[in-house]
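Right, one structure below, let's go through it.
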Amino acid sequence: METPEVPAGVLLQSLIFDVQDRVGGYRIYNNGRYETRPLGQEWTFGSPLTPAQLEAVKAAIAAAGFERLAGRYQAAPSDEDHNILWMQVVEGQTVRSVAIEGSCQVPEINTLSAQLVEIFKK
């Protein structure tokens, strides 16, 4: 699978591709806009992040250390198809992409995801 494109202005993009090639996910833009895509549906804009939420997202991304992560993580090989999660951040002109296949766990991404859930609750 090719690395997904990241639209201009995006800070963080999270995409899940299921075994039927349906796509779902969310995007957080540098200006705080928030976009979501339920699995197999179209993108829609949600409520924008507050300045405090946006700063907290940026801090969580920095703490995740995308520059230290591998580009792809895979669970043990099997004959079954797997979902693929793409987490992508834009740092300056650089897009850092991490693909996680199947049940593979990446602690830094798990921590980032948990932090984002908490940030969105505020």
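Ordering of the structure tokens sets the chain letters (A, B, ...); residue numbers start at 1 within each chain; ligands are numbered from 1 in the order shown.
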### Task
From a DSSP pass on the backbone, collect the residues of chain A flagged as alpha helix (DSSP H) and hand them back as a list in words.
Pro51, Ala52, Gln53, Leu54, Glu55, Ala56, Val57, Lys58, Ala59, Ala60, Ile61, Ala62, Ala63, Ala64, Pro107, Glu108, Ile109, Asn110, Thr111, Leu112, Ser113, Ala114, Gln115, Leu116, Val117, Glu118, Ile119, Phe120 and Lys121 of chain A
### Message
Set the distance at 10 Å and use only C-alpha atoms: which residues neighbour region 27-35 of chain A once local chain neighbours fewer than 2 positions away are removed? I'd like the list as a PyMOL selection string.
### Response
chain A and resi 6-15+25+37+43-55+57-58+87-90
May I have the residues from that selection written out with C-alpha atoms, as a PDB file, in the first residue's frame?
```pdb
ATOM      1  CA  VAL A   6      -1.433  14.519   3.493  1.00  0.00           C
ATOM      2  CA  PRO A   7      -3.419  17.633   2.532  1.00  0.00           C
ATOM      3  CA  ALA A   8      -1.865  21.082   2.876  1.00  0.00           C
ATOM      4  CA  GLY A   9      -2.185  22.593   6.324  1.00  0.00           C
ATOM      5  CA  VAL A  10      -2.526  19.275   8.171  1.00  0.00           C
ATOM      6  CA  LEU A  11      -0.622  18.816  11.427  1.00  0.00           C
ATOM      7  CA  LEU A  12      -1.738  15.232  12.161  1.00  0.00           C
ATOM      8  CA  GLN A  13      -3.582  12.686  10.047  1.00  0.00           C
ATOM      9  CA  SER A  14      -4.763   9.309  11.280  1.00  0.00           C
ATOM     10  CA  LEU A  15      -6.213   6.903   8.717  1.00  0.00           C
ATOM     11  CA  GLY A  25      -9.907   8.598  10.296  1.00  0.00           C
ATOM     12  CA  ARG A  37     -14.194  10.514   8.358  1.00  0.00           C
ATOM     13  CA  TRP A  43     -14.795  13.778   5.312  1.00  0.00           C
ATOM     14  CA  THR A  44     -16.726  16.253   7.452  1.00  0.00           C
ATOM     15  CA  PHE A  45     -15.515  19.144   9.584  1.00  0.00           C
ATOM     16  CA  GLY A  46     -16.103  19.037  13.307  1.00  0.00           C
ATOM     17  CA  SER A  47     -15.746  21.713  15.941  1.00  0.00           C
ATOM     18  CA  PRO A  48     -12.327  23.365  15.773  1.00  0.00           C
ATOM     19  CA  LEU A  49      -9.844  22.859  18.567  1.00  0.00           C
ATOM     20  CA  THR A  50      -9.314  25.657  21.047  1.00  0.00           C
ATOM     21  CA  PRO A  51      -5.853  27.262  21.107  1.00  0.00           C
ATOM     22  CA  ALA A  52      -5.091  25.362  24.336  1.00  0.00           C
ATOM     23  CA  GLN A  53      -6.160  22.054  22.771  1.00  0.00           C
ATOM     24  CA  LEU A  54      -4.032  22.729  19.681  1.00  0.00           C
ATOM     25  CA  GLU A  55      -0.963  23.458  21.811  1.00  0.00           C
ATOM     26  CA  VAL A  57      -1.829  18.281  20.518  1.00  0.00           C
ATOM     27  CA  LYS A  58       1.483  19.747  19.345  1.00  0.00           C
ATOM     28  CA  MET A  87      -0.355   8.002  11.662  1.00  0.00           C
ATOM     29  CA  GLN A  88       1.188  10.962   9.863  1.00  0.00           C
ATOM     30  CA  VAL A  89       2.537  14.224  11.214  1.00  0.00           C
ATOM     31  CA  VAL A  90       3.894  17.211   9.363  1.00  0.00           C
TER      32      VAL A  90
END
```
### Message
List the spatial neighbours of Ala76 (chain A) as a list in words - criterion: any atom at most 9 Å away, only C-alpha atoms, same-chain residues fewer than 6 positions off excluded.
### Response
Gly102, Ser103 and Cys104 of chain A
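You can rank A:Leu39, A:Tyr73, A:Ile84, A:Met1 by their closest distance to Pro107 (chain A) using only C-alpha atoms, and at the top of that list sits A:Tyr73.
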### Task
Please report, as a PyMOL selection string, each residue of chain A to which DSSP assigns strand (DSSP E or B) when run on this structure's backbone.
chain A and resi 10-17+23-29+34-37+44-45+72-74+84-91+94-101
Next, write the just-selected residues to a file, as a short mmCIF file (atom, residue, chain, number, x, y, z; two decimals), in the first residue's frame, keeping N, CA and C atoms as the atom set.
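part.cif, freshly written:
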```
data_model
loop_
_atom_site.label_atom_id
_atom_site.label_comp_id
_atom_site.auth_asym_id
_atom_site.auth_seq_id
_atom_site.Cartn_x
_atom_site.Cartn_y
_atom_site.Cartn_z
N VAL A 10 -2.26 20.30 7.15
CA VAL A 10 -2.53 19.28 8.17
C VAL A 10 -1.33 19.16 9.11
N LEU A 11 -1.63 19.06 10.39
CA LEU A 11 -0.62 18.82 11.43
C LEU A 11 -0.52 17.32 11.70
N LEU A 12 -1.68 16.66 11.84
CA LEU A 12 -1.74 15.23 12.16
C LEU A 12 -2.86 14.61 11.36
N GLN A 13 -2.56 13.45 10.75
CA GLN A 13 -3.58 12.69 10.05
C GLN A 13 -3.51 11.25 10.53
N SER A 14 -4.66 10.70 10.87
CA SER A 14 -4.76 9.31 11.28
C SER A 14 -5.78 8.64 10.35
N LEU A 15 -5.34 7.61 9.65
CA LEU A 15 -6.21 6.90 8.72
C LEU A 15 -6.17 5.41 9.01
N ILE A 16 -7.34 4.79 8.96
CA ILE A 16 -7.42 3.34 9.06
C ILE A 16 -7.98 2.81 7.75
N PHE A 17 -7.31 1.82 7.20
CA PHE A 17 -7.77 1.13 6.00
C PHE A 17 -8.16 -0.28 6.44
N VAL A 23 -11.96 3.43 4.18
CA VAL A 23 -11.07 4.34 4.91
C VAL A 23 -11.87 5.13 5.93
N GLY A 24 -11.27 5.33 7.09
CA GLY A 24 -11.83 6.18 8.13
C GLY A 24 -10.68 6.90 8.81
N GLY A 25 -10.98 7.93 9.57
CA GLY A 25 -9.91 8.60 10.30
C GLY A 25 -10.25 10.02 10.70
N TYR A 26 -9.20 10.77 10.98
CA TYR A 26 -9.36 12.17 11.35
C TYR A 26 -8.11 12.96 10.96
N ARG A 27 -8.29 14.27 10.89
CA ARG A 27 -7.20 15.19 10.62
C ARG A 27 -7.30 16.38 11.56
N ILE A 28 -6.15 16.81 12.03
CA ILE A 28 -6.06 18.04 12.80
C ILE A 28 -5.16 18.97 12.00
N TYR A 29 -5.67 20.17 11.74
CA TYR A 29 -4.94 21.15 10.94
C TYR A 29 -4.14 22.10 11.83
N TYR A 34 -10.64 20.66 12.61
CA TYR A 34 -10.71 19.23 12.88
C TYR A 34 -11.64 18.60 11.85
N GLU A 35 -11.19 17.53 11.24
CA GLU A 35 -11.96 16.85 10.21
C GLU A 35 -12.02 15.37 10.56
N THR A 36 -13.17 14.77 10.37
CA THR A 36 -13.33 13.35 10.69
C THR A 36 -13.96 12.62 9.51
N ARG A 37 -13.65 11.35 9.42
CA ARG A 37 -14.19 10.51 8.36
C ARG A 37 -14.59 9.16 8.94
N THR A 44 -15.90 15.15 6.97
CA THR A 44 -16.73 16.25 7.45
C THR A 44 -15.94 17.02 8.51
N PHE A 45 -16.19 18.33 8.58
CA PHE A 45 -15.51 19.14 9.58
C PHE A 45 -16.28 19.10 10.89
N ARG A 72 7.21 1.41 9.40
CA ARG A 72 6.21 0.35 9.33
C ARG A 72 6.41 -0.63 10.48
N TYR A 73 5.29 -1.01 11.07
CA TYR A 73 5.27 -2.03 12.11
C TYR A 73 4.28 -3.09 11.68
N GLN A 74 4.69 -4.36 11.80
CA GLN A 74 3.83 -5.46 11.38
C GLN A 74 3.72 -6.50 12.48
N ILE A 84 -4.84 -1.54 8.37
CA ILE A 84 -3.60 -0.78 8.43
C ILE A 84 -3.93 0.61 8.95
N LEU A 85 -3.26 0.99 10.04
CA LEU A 85 -3.40 2.33 10.61
C LEU A 85 -2.21 3.15 10.16
N TRP A 86 -2.48 4.31 9.60
CA TRP A 86 -1.43 5.27 9.25
C TRP A 86 -1.54 6.46 10.19
N MET A 87 -0.45 6.78 10.87
CA MET A 87 -0.36 8.00 11.66
C MET A 87 0.69 8.86 10.96
N GLN A 88 0.30 10.08 10.61
CA GLN A 88 1.19 10.96 9.86
C GLN A 88 1.20 12.34 10.50
N VAL A 89 2.39 12.87 10.69
CA VAL A 89 2.54 14.22 11.21
C VAL A 89 3.38 15.03 10.24
N VAL A 90 3.13 16.32 10.22
CA VAL A 90 3.89 17.21 9.36
C VAL A 90 4.71 18.12 10.27
N GLU A 91 6.02 18.07 10.07
CA GLU A 91 6.96 18.91 10.82
C GLU A 91 7.70 19.76 9.81
N THR A 94 8.43 18.37 6.27
CA THR A 94 8.62 16.92 6.33
C THR A 94 7.37 16.22 6.84
N VAL A 95 6.91 15.22 6.08
CA VAL A 95 5.82 14.37 6.52
C VAL A 95 6.43 13.10 7.09
N ARG A 96 6.12 12.80 8.33
CA ARG A 96 6.59 11.57 8.96
C ARG A 96 5.40 10.62 9.05
N SER A 97 5.55 9.45 8.44
CA SER A 97 4.47 8.48 8.35
C SER A 97 4.84 7.19 9.06
N VAL A 98 3.89 6.66 9.81
CA VAL A 98 4.06 5.38 10.48
C VAL A 98 2.86 4.52 10.11
N ALA A 99 3.12 3.35 9.56
CA ALA A 99 2.07 2.38 9.22
C ALA A 99 2.12 1.25 10.24
N ILE A 100 0.96 0.91 10.78
CA ILE A 100 0.86 -0.16 11.77
C ILE A 100 -0.14 -1.18 11.25
N GLU A 101 0.34 -2.38 11.01
CA GLU A 101 -0.51 -3.43 10.44
C GLU A 101 -1.02 -4.38 11.50
#
```
### Message
For a test of reading the model, state the distance in Å between CA of Leu116 (chain A) and CA of Ala60 (chain A), rounded to one decimal.
### Response
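A separation of 7.6 Å between them.
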### Query
Which is closer to Phe120 (chain A) than all the others in A:Gly71, A:His82, A:Gly65, A:Ala56, using only C-alpha atoms?
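Once distances to Phe120 (chain A) are computed over only C-alpha atoms, the minimum belongs to A:Ala56.
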